[in-house]
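S.K.: Contents of upload20.csv (CSV, C-alpha atoms) are below:
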```csv
chain,number,residue,atom,x,y,z
A,1,MET,CA,18.0,10.1,-36.6
A,2,ALA,CA,18.7,7.9,-33.6
A,3,ALA,CA,20.8,9.5,-30.9
A,4,PRO,CA,24.2,8.0,-30.2
A,5,SER,CA,23.8,5.3,-27.5
A,6,ASP,CA,25.9,7.3,-25.1
A,7,ASP,CA,23.3,10.1,-25.1
A,8,LYS,CA,20.4,8.0,-24.0
A,9,PRO,CA,21.4,7.7,-20.3
A,10,ARG,CA,22.2,11.4,-20.3
A,11,SER,CA,19.1,12.7,-22.0
A,12,PHE,CA,16.9,10.4,-19.8
A,13,GLU,CA,18.7,11.7,-16.7
A,14,GLU,CA,18.2,15.3,-17.8
A,15,GLU,CA,14.7,15.1,-19.0
A,16,ALA,CA,12.9,12.3,-17.2
A,17,LEU,CA,14.6,12.1,-13.8
A,18,PRO,CA,13.7,15.6,-12.7
A,19,HIS,CA,10.1,14.2,-12.5
A,20,LEU,CA,11.1,11.5,-10.1
A,21,ASP,CA,9.6,13.2,-7.0
A,22,THR,CA,6.3,13.7,-8.8
A,23,ALA,CA,6.3,10.1,-9.9
A,24,TYR,CA,7.0,9.0,-6.3
A,25,ARG,CA,4.2,11.2,-4.8
A,26,VAL,CA,1.7,9.9,-7.3
A,27,ALA,CA,2.9,6.3,-6.8
A,28,LEU,CA,2.4,6.8,-3.0
A,29,ARG,CA,-1.2,7.8,-3.4
A,30,LEU,CA,-1.9,5.1,-6.0
A,31,ALA,CA,-0.1,2.2,-4.3
A,32,GLY,CA,-0.8,3.2,-0.7
A,33,ASP,CA,2.5,2.5,0.9
A,34,GLU,CA,6.1,3.4,0.6
A,35,ALA,CA,7.6,0.0,-0.3
A,36,GLN,CA,5.1,-0.6,-3.1
A,37,ALA,CA,5.5,3.0,-4.3
A,38,GLU,CA,9.2,2.6,-4.6
A,39,ASP,CA,8.9,-0.6,-6.5
A,40,LEU,CA,6.3,1.0,-8.7
A,41,VAL,CA,8.5,4.0,-9.5
A,42,GLN,CA,11.5,1.9,-10.1
A,43,GLU,CA,9.6,-0.3,-12.6
A,44,THR,CA,8.1,2.7,-14.2
A,45,MET,CA,11.5,4.4,-14.7
A,46,LEU,CA,13.0,1.3,-16.1
A,47,LYS,CA,10.1,0.8,-18.6
A,48,ALA,CA,10.3,4.5,-19.5
A,49,TYR,CA,14.1,4.2,-20.1
A,50,ARG,CA,13.6,1.1,-22.3
A,51,SER,CA,11.1,2.9,-24.4
A,52,TRP,CA,12.8,6.2,-24.3
A,53,HIS,CA,13.2,6.1,-28.1
A,54,GLN,CA,9.4,6.4,-28.3
A,55,TYR,CA,9.3,9.6,-26.3
A,56,ARG,CA,9.2,12.6,-28.7
A,57,PRO,CA,11.5,15.3,-27.4
A,58,GLY,CA,9.6,18.5,-26.6
A,59,THR,CA,6.4,16.8,-25.7
A,60,ASN,CA,5.1,16.5,-22.2
A,61,VAL,CA,7.6,14.1,-20.5
A,62,ARG,CA,5.8,14.3,-17.1
A,63,ALA,CA,2.5,13.2,-18.6
A,64,TRP,CA,4.3,10.5,-20.5
A,65,LEU,CA,6.0,9.1,-17.4
A,66,LEU,CA,2.7,9.3,-15.4
A,67,THR,CA,0.9,7.4,-18.1
A,68,ILE,CA,3.5,4.5,-17.8
A,69,LEU,CA,3.2,4.7,-14.0
A,70,ARG,CA,-0.5,4.4,-14.1
A,71,HIS,CA,-0.5,1.5,-16.5
A,72,THR,CA,2.0,-0.3,-14.4
A,73,PHE,CA,0.0,0.3,-11.3
A,74,ILE,CA,-3.3,-1.0,-12.9
A,75,ASN,CA,-1.6,-4.1,-14.3
A,76,GLU,CA,0.6,-5.1,-11.5
A,77,TYR,CA,0.0,-3.2,-8.3
A,78,ARG,CA,-3.7,-2.4,-7.9
A,79,LYS,CA,-4.5,-5.9,-6.5
A,80,ARG,CA,-1.8,-5.6,-3.8
A,81,ARG,CA,-3.1,-2.3,-2.4
A,82,LYS,CA,-3.9,-2.7,1.2
A,83,ILE,CA,-5.9,0.4,1.9
A,84,VAL,CA,-9.5,-0.1,0.8
A,85,ALA,CA,-11.4,2.8,-0.6
A,86,GLU,CA,-14.1,3.6,1.8
A,87,LEU,CA,-15.5,6.9,0.8
A,88,ASP,CA,-18.7,6.6,-1.1
A,89,VAL,CA,-18.4,9.1,-3.9
A,90,SER,CA,-21.7,8.2,-5.5
A,91,GLU,CA,-23.5,9.6,-2.4
A,92,ILE,CA,-21.9,13.0,-2.9
A,93,GLU,CA,-24.2,15.8,-3.8
A,94,ALA,CA,-23.3,19.3,-4.7
A,95,TRP,CA,-22.3,21.7,-1.9
A,96,THR,CA,-22.9,19.5,1.1
A,97,VAL,CA,-20.4,21.3,3.4
A,98,PHE,CA,-20.8,25.0,2.7
A,99,PRO,CA,-24.5,25.3,3.8
A,100,ALA,CA,-23.4,23.7,7.1
A,101,VAL,CA,-20.6,26.1,7.7
A,102,GLN,CA,-21.7,29.4,6.2
A,103,ASP,CA,-23.0,30.7,9.5
A,104,VAL,CA,-20.1,29.7,11.7
A,105,ASP,CA,-17.0,29.6,9.4
A,106,PRO,CA,-17.8,30.8,5.9
A,107,GLU,CA,-14.1,31.3,5.1
A,108,GLY,CA,-13.2,27.7,5.9
A,109,ARG,CA,-10.7,28.5,8.6
A,110,PHE,CA,-11.3,25.1,10.2
A,111,PHE,CA,-9.3,23.5,7.3
A,112,ASP,CA,-6.1,25.0,8.6
A,113,SER,CA,-6.4,23.0,11.8
A,114,ILE,CA,-6.3,19.7,9.9
A,115,VAL,CA,-2.9,18.1,9.8
A,116,ASP,CA,-1.3,16.8,6.6
A,117,GLU,CA,-1.6,13.1,7.6
A,118,GLU,CA,-5.3,13.4,8.0
A,119,VAL,CA,-5.6,15.0,4.6
A,120,LEU,CA,-3.5,12.2,3.0
A,121,ARG,CA,-5.6,9.6,4.9
A,122,ALA,CA,-8.8,11.1,3.5
A,123,ILE,CA,-7.3,11.2,0.0
A,124,ASP,CA,-6.3,7.5,0.3
A,125,ALA,CA,-9.9,6.6,1.2
A,126,LEU,CA,-11.1,7.8,-2.2
A,127,PRO,CA,-11.9,5.1,-4.9
A,128,ASP,CA,-9.0,4.7,-7.5
A,129,GLU,CA,-10.2,6.9,-10.3
A,130,PHE,CA,-11.2,9.7,-8.0
A,131,ARG,CA,-8.0,9.5,-6.0
A,132,GLU,CA,-5.8,9.6,-9.0
A,133,THR,CA,-7.7,12.5,-10.5
A,134,LEU,CA,-7.5,14.5,-7.3
A,135,THR,CA,-3.9,13.7,-6.8
A,136,LEU,CA,-2.9,14.8,-10.3
A,137,SER,CA,-4.9,18.0,-10.0
A,138,ASP,CA,-4.5,19.1,-6.4
A,139,VAL,CA,-1.3,17.6,-5.3
A,140,GLU,CA,0.7,17.9,-8.6
A,141,GLY,CA,-1.1,20.8,-10.2
A,142,LEU,CA,-1.7,19.2,-13.6
A,143,THR,CA,-4.3,20.7,-16.0
A,144,TYR,CA,-7.6,19.0,-16.9
A,145,ALA,CA,-6.2,18.2,-20.4
A,146,GLU,CA,-3.0,16.6,-19.0
A,147,ILE,CA,-5.1,14.5,-16.5
A,148,ALA,CA,-7.5,13.5,-19.4
A,149,GLU,CA,-4.5,12.3,-21.4
A,150,ILE,CA,-2.9,10.3,-18.5
A,151,THR,CA,-6.1,8.7,-17.3
A,152,GLU,CA,-7.4,8.2,-20.8
A,153,VAL,CA,-10.8,9.7,-20.4
A,154,PRO,CA,-12.5,12.8,-21.9
A,155,VAL,CA,-12.0,16.2,-20.2
A,156,GLY,CA,-15.6,16.1,-19.1
A,157,THR,CA,-15.0,13.0,-17.1
A,158,VAL,CA,-12.0,14.6,-15.4
A,159,LYS,CA,-14.2,17.6,-14.5
A,160,SER,CA,-16.9,15.4,-12.9
A,161,ARG,CA,-14.5,13.1,-11.1
A,162,LEU,CA,-12.6,16.1,-9.8
A,163,PHE,CA,-15.8,17.7,-8.6
A,164,ARG,CA,-17.0,14.6,-6.8
A,165,ALA,CA,-13.5,13.8,-5.4
A,166,ARG,CA,-13.1,17.3,-4.0
A,167,GLN,CA,-16.6,17.3,-2.5
A,168,ALA,CA,-16.2,13.8,-1.0
A,169,LEU,CA,-12.8,14.8,0.5
A,170,GLN,CA,-14.2,18.1,1.8
A,171,ARG,CA,-17.1,16.3,3.5
A,172,GLN,CA,-14.6,13.8,5.1
A,173,LEU,CA,-12.4,16.6,6.3
A,174,TYR,CA,-15.4,18.5,7.7
A,175,ASP,CA,-16.6,15.5,9.6
A,176,TYR,CA,-13.1,15.0,11.0
A,177,ALA,CA,-13.0,18.7,12.0
A,178,VAL,CA,-16.3,18.4,13.8
A,179,GLU,CA,-15.2,15.3,15.5
A,180,MET,CA,-12.0,17.0,16.7
A,181,GLY,CA,-13.9,20.0,17.9
A,182,TYR,CA,-12.3,22.4,15.3
A,183,ILE,CA,-15.8,23.5,14.2
A,184,LYS,CA,-19.3,23.1,15.7
A,185,ARG,CA,-21.7,21.1,13.7
A,186,ARG,CA,-24.7,23.1,12.8
A,187,GLU,CA,-27.9,22.2,14.7
A,188,ALA,CA,-30.3,20.5,12.3
I,1,MET,CA,-14.2,38.0,-27.9
I,2,THR,CA,-16.8,37.4,-30.6
I,3,GLU,CA,-19.3,35.8,-28.2
I,4,ALA,CA,-21.1,38.0,-25.6
I,5,PRO,CA,-21.3,36.6,-22.0
I,6,LYS,CA,-24.8,35.4,-21.2
I,7,ASP,CA,-26.7,35.6,-17.9
I,8,ILE,CA,-26.4,32.4,-15.9
I,9,ASP,CA,-28.3,31.2,-12.9
I,10,CYS,CA,-26.9,30.1,-9.5
I,11,ARG,CA,-27.0,26.5,-10.5
I,12,GLU,CA,-25.0,27.1,-13.6
I,13,ALA,CA,-22.5,29.3,-11.8
I,14,LEU,CA,-21.9,26.8,-9.0
I,15,ASP,CA,-21.7,24.0,-11.5
I,16,ARG,CA,-18.7,25.8,-13.1
I,17,ILE,CA,-17.1,27.1,-9.9
I,18,TYR,CA,-14.2,24.6,-9.8
I,19,GLN,CA,-13.4,25.1,-13.5
I,20,TYR,CA,-13.6,28.8,-12.8
I,21,LEU,CA,-11.3,28.7,-9.9
I,22,ASP,CA,-8.9,26.3,-11.7
I,23,GLY,CA,-8.7,28.7,-14.6
I,24,GLU,CA,-10.1,26.1,-17.0
I,25,LEU,CA,-12.9,28.1,-18.5
I,26,THR,CA,-12.8,29.9,-21.8
I,27,PRO,CA,-12.7,33.7,-21.3
I,28,VAL,CA,-16.5,34.1,-22.1
I,29,ARG,CA,-17.6,31.3,-19.8
I,30,ALA,CA,-15.4,32.7,-17.0
I,31,GLU,CA,-16.8,36.2,-17.5
I,32,GLU,CA,-20.3,34.8,-17.1
I,33,VAL,CA,-19.4,33.3,-13.8
I,34,ARG,CA,-17.6,36.4,-12.7
I,35,LEU,CA,-20.6,38.6,-13.6
I,36,HIS,CA,-22.9,36.2,-11.7
I,37,LEU,CA,-20.7,36.3,-8.6
I,38,GLU,CA,-20.7,40.1,-8.7
I,39,ARG,CA,-24.4,40.3,-8.2
I,40,CYS,CA,-25.1,37.2,-6.1
I,41,ALA,CA,-23.9,37.3,-2.5
I,42,PRO,CA,-24.7,33.7,-1.6
I,43,CYS,CA,-22.8,32.3,-4.7
I,44,LEU,CA,-19.9,34.6,-4.0
I,45,ALA,CA,-19.7,33.3,-0.4
I,46,ALA,CA,-19.8,29.7,-1.6
I,47,SER,CA,-17.2,30.5,-4.2
I,48,ASP,CA,-14.9,32.1,-1.5
I,49,PHE,CA,-15.3,29.0,0.6
I,50,GLU,CA,-14.4,26.7,-2.2
I,51,HIS,CA,-11.5,28.9,-3.1
I,52,ALA,CA,-10.2,28.7,0.5
I,53,TYR,CA,-10.6,24.9,0.3
I,54,LEU,CA,-8.5,24.7,-2.9
I,55,ARG,CA,-5.9,27.0,-1.5
I,56,PHE,CA,-5.7,24.8,1.6
I,57,LEU,CA,-5.2,21.7,-0.5
I,58,GLU,CA,-2.6,23.5,-2.6
I,59,ALA,CA,-0.7,24.8,0.5
I,60,ARG,CA,-0.3,21.4,2.1
I,61,SER,CA,3.2,20.2,2.3
I,62,TRP,CA,3.2,17.8,-0.6
I,63,ALA,CA,6.9,18.1,-0.5
I,64,GLN,CA,7.4,14.4,-0.1
I,65,LYS,CA,10.5,13.6,-2.1
I,66,ALA,CA,11.6,10.3,-3.6
I,67,PRO,CA,14.1,8.6,-1.2
I,68,GLU,CA,17.7,9.2,-2.2
I,69,GLN,CA,18.4,5.4,-2.4
I,70,LEU,CA,15.6,5.1,-4.9
I,71,ARG,CA,17.1,7.8,-7.1
I,72,ARG,CA,20.5,6.0,-6.9
I,73,LYS,CA,19.0,2.6,-7.7
I,74,ILE,CA,17.3,4.1,-10.8
I,75,LEU,CA,20.5,5.8,-11.9
I,76,GLU,CA,22.4,2.6,-11.5
I,77,GLN,CA,19.8,0.7,-13.4
I,78,ILE,CA,19.9,3.2,-16.3
I,79,LEU,CA,23.7,3.1,-16.5
I,80,PHE,CA,23.6,-0.7,-16.5
I,81,GLU,CA,20.9,-0.9,-19.1
I,82,GLY,CA,22.5,1.8,-21.2
I,83,ASN,CA,25.8,0.0,-21.4
I,84,ARG,CA,24.2,-3.4,-21.9
I,85,SER,CA,21.6,-2.7,-24.6
I,86,GLY,CA,22.6,0.4,-26.5
I,87,THR,CA,19.9,2.5,-28.1
I,88,LYS,CA,17.0,0.0,-27.9
```
Mind turning the file's structure into structure tokens?
M.R.:
Amino acid sequence: MAAPSDDKPRSFEEEALPHLDTAYRVALRLAGDEAQAEDLVQETMLKAYRSWHQYRPGTNVRAWLLTILRHTFINEYRKRRKIVAELDVSEIEAWTVFPAVQDVDPEGRFFDSIVDEEVLRAIDALPDEFRETLTLSDVEGLTYAEIAEITEVPVGTVKSRLFRARQALQRQLYDYAVEMGYIKRREA
Amino acid sequence: MTEAPKDIDCREALDRIYQYLDGELTPVRAEEVRLHLERCAPCLAASDFEHAYLRFLEARSWAQKAPEQLRRKILEQILFEGNRSGTK
């Protein structure tokens, strides 16, 4: 039951295009700059359009698009990324920040002093798989199951990546806040 | 709820705290965390801090939108493709 050809542009425009902003934001975090992100999104949308007949109506179109985006990034754009991941996620242990702030700022008010650019910079410093997991979760609000589907790993892996990504990011933001004088470092 | 919530220790509670705050636990597992937090002030404080952190991430202006010319380019591409290649 193929749709008449005239409906293809329309159904794509109605169902897929509303997710363009999401695709662009995820592309920005993956690719690392605006020009690459635009190319990546354009290519993703064209691929998606060409395989629109494979998309099953009523299933998760956002996850479907993001899966294509991610494959396109890995195959063609990852090597061109200029920003190098510099945060060492393997060194992250549980609860590194809270013990340091619980006496001076247990409610984490210092976070609010940190500007968006700094947060994005810190996200961009995460290694690929942690950056993509955190972006899909905390920037786009996807569920663990959706992230598992898109990144092709078990839900347990999503959980552990998210944990480490959030803790590494938190540590980075804390160090920045200390450096800027938003919060006092606890005397050792 | 057929399964009764069990007592869990601090390590277990903190291990699950993000899943708890993300609403990703089953009702029984979530109840176990909730009961632990109810009677463990240090874990509750840690949980409040992580909650504040997640809310901070959530509240950031992630409102970056795709540039208008990108949207136009994609629309043009689709129309071009659509007319050229039909359903496939």
S.K.: Between chain A and chain I, at 6 Å or less, what are the per-residue closest atom pairs and their distances in Å? Count all atoms listed in the file, order by chain and rising residue number, and return it as a Markdown table.
M.R.:
```
| residue | atom | partner | partner_atom | distance |
| --- | --- | --- | --- | --- |
| A:Ser5 | CA | I:Thr87 | CA | 4.8 |
| A:Asp21 | CA | I:Ala66 | CA | 4.9 |
| A:Tyr24 | CA | I:Ala66 | CA | 5.5 |
| A:Glu107 | CA | I:Phe49 | CA | 5.2 |
| A:Gly108 | CA | I:Phe49 | CA | 5.8 |
```
S.K.: By how many Å are CA of Ala4 in chain I and CA of Val28 in chain I apart?
M.R.: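 Interatomic distance here is 7.0 Å.
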S.K.: Would you mind listing what lies within 10 Å of Arg171 in chain A as a PyMOL selection string, with all atoms listed in the file counted and same-chain residues fewer than 5 positions away left out?
M.R.: chain A and resi 87+92+95-98+122+165-166+176-177
S.K.: My list of candidates is A:Arg164, A:Lys79, A:Arg70, A:Arg186. Which is closest to Leu134 in chain A when distances are computed with all atoms listed in the file?
M.R.: A:Arg164
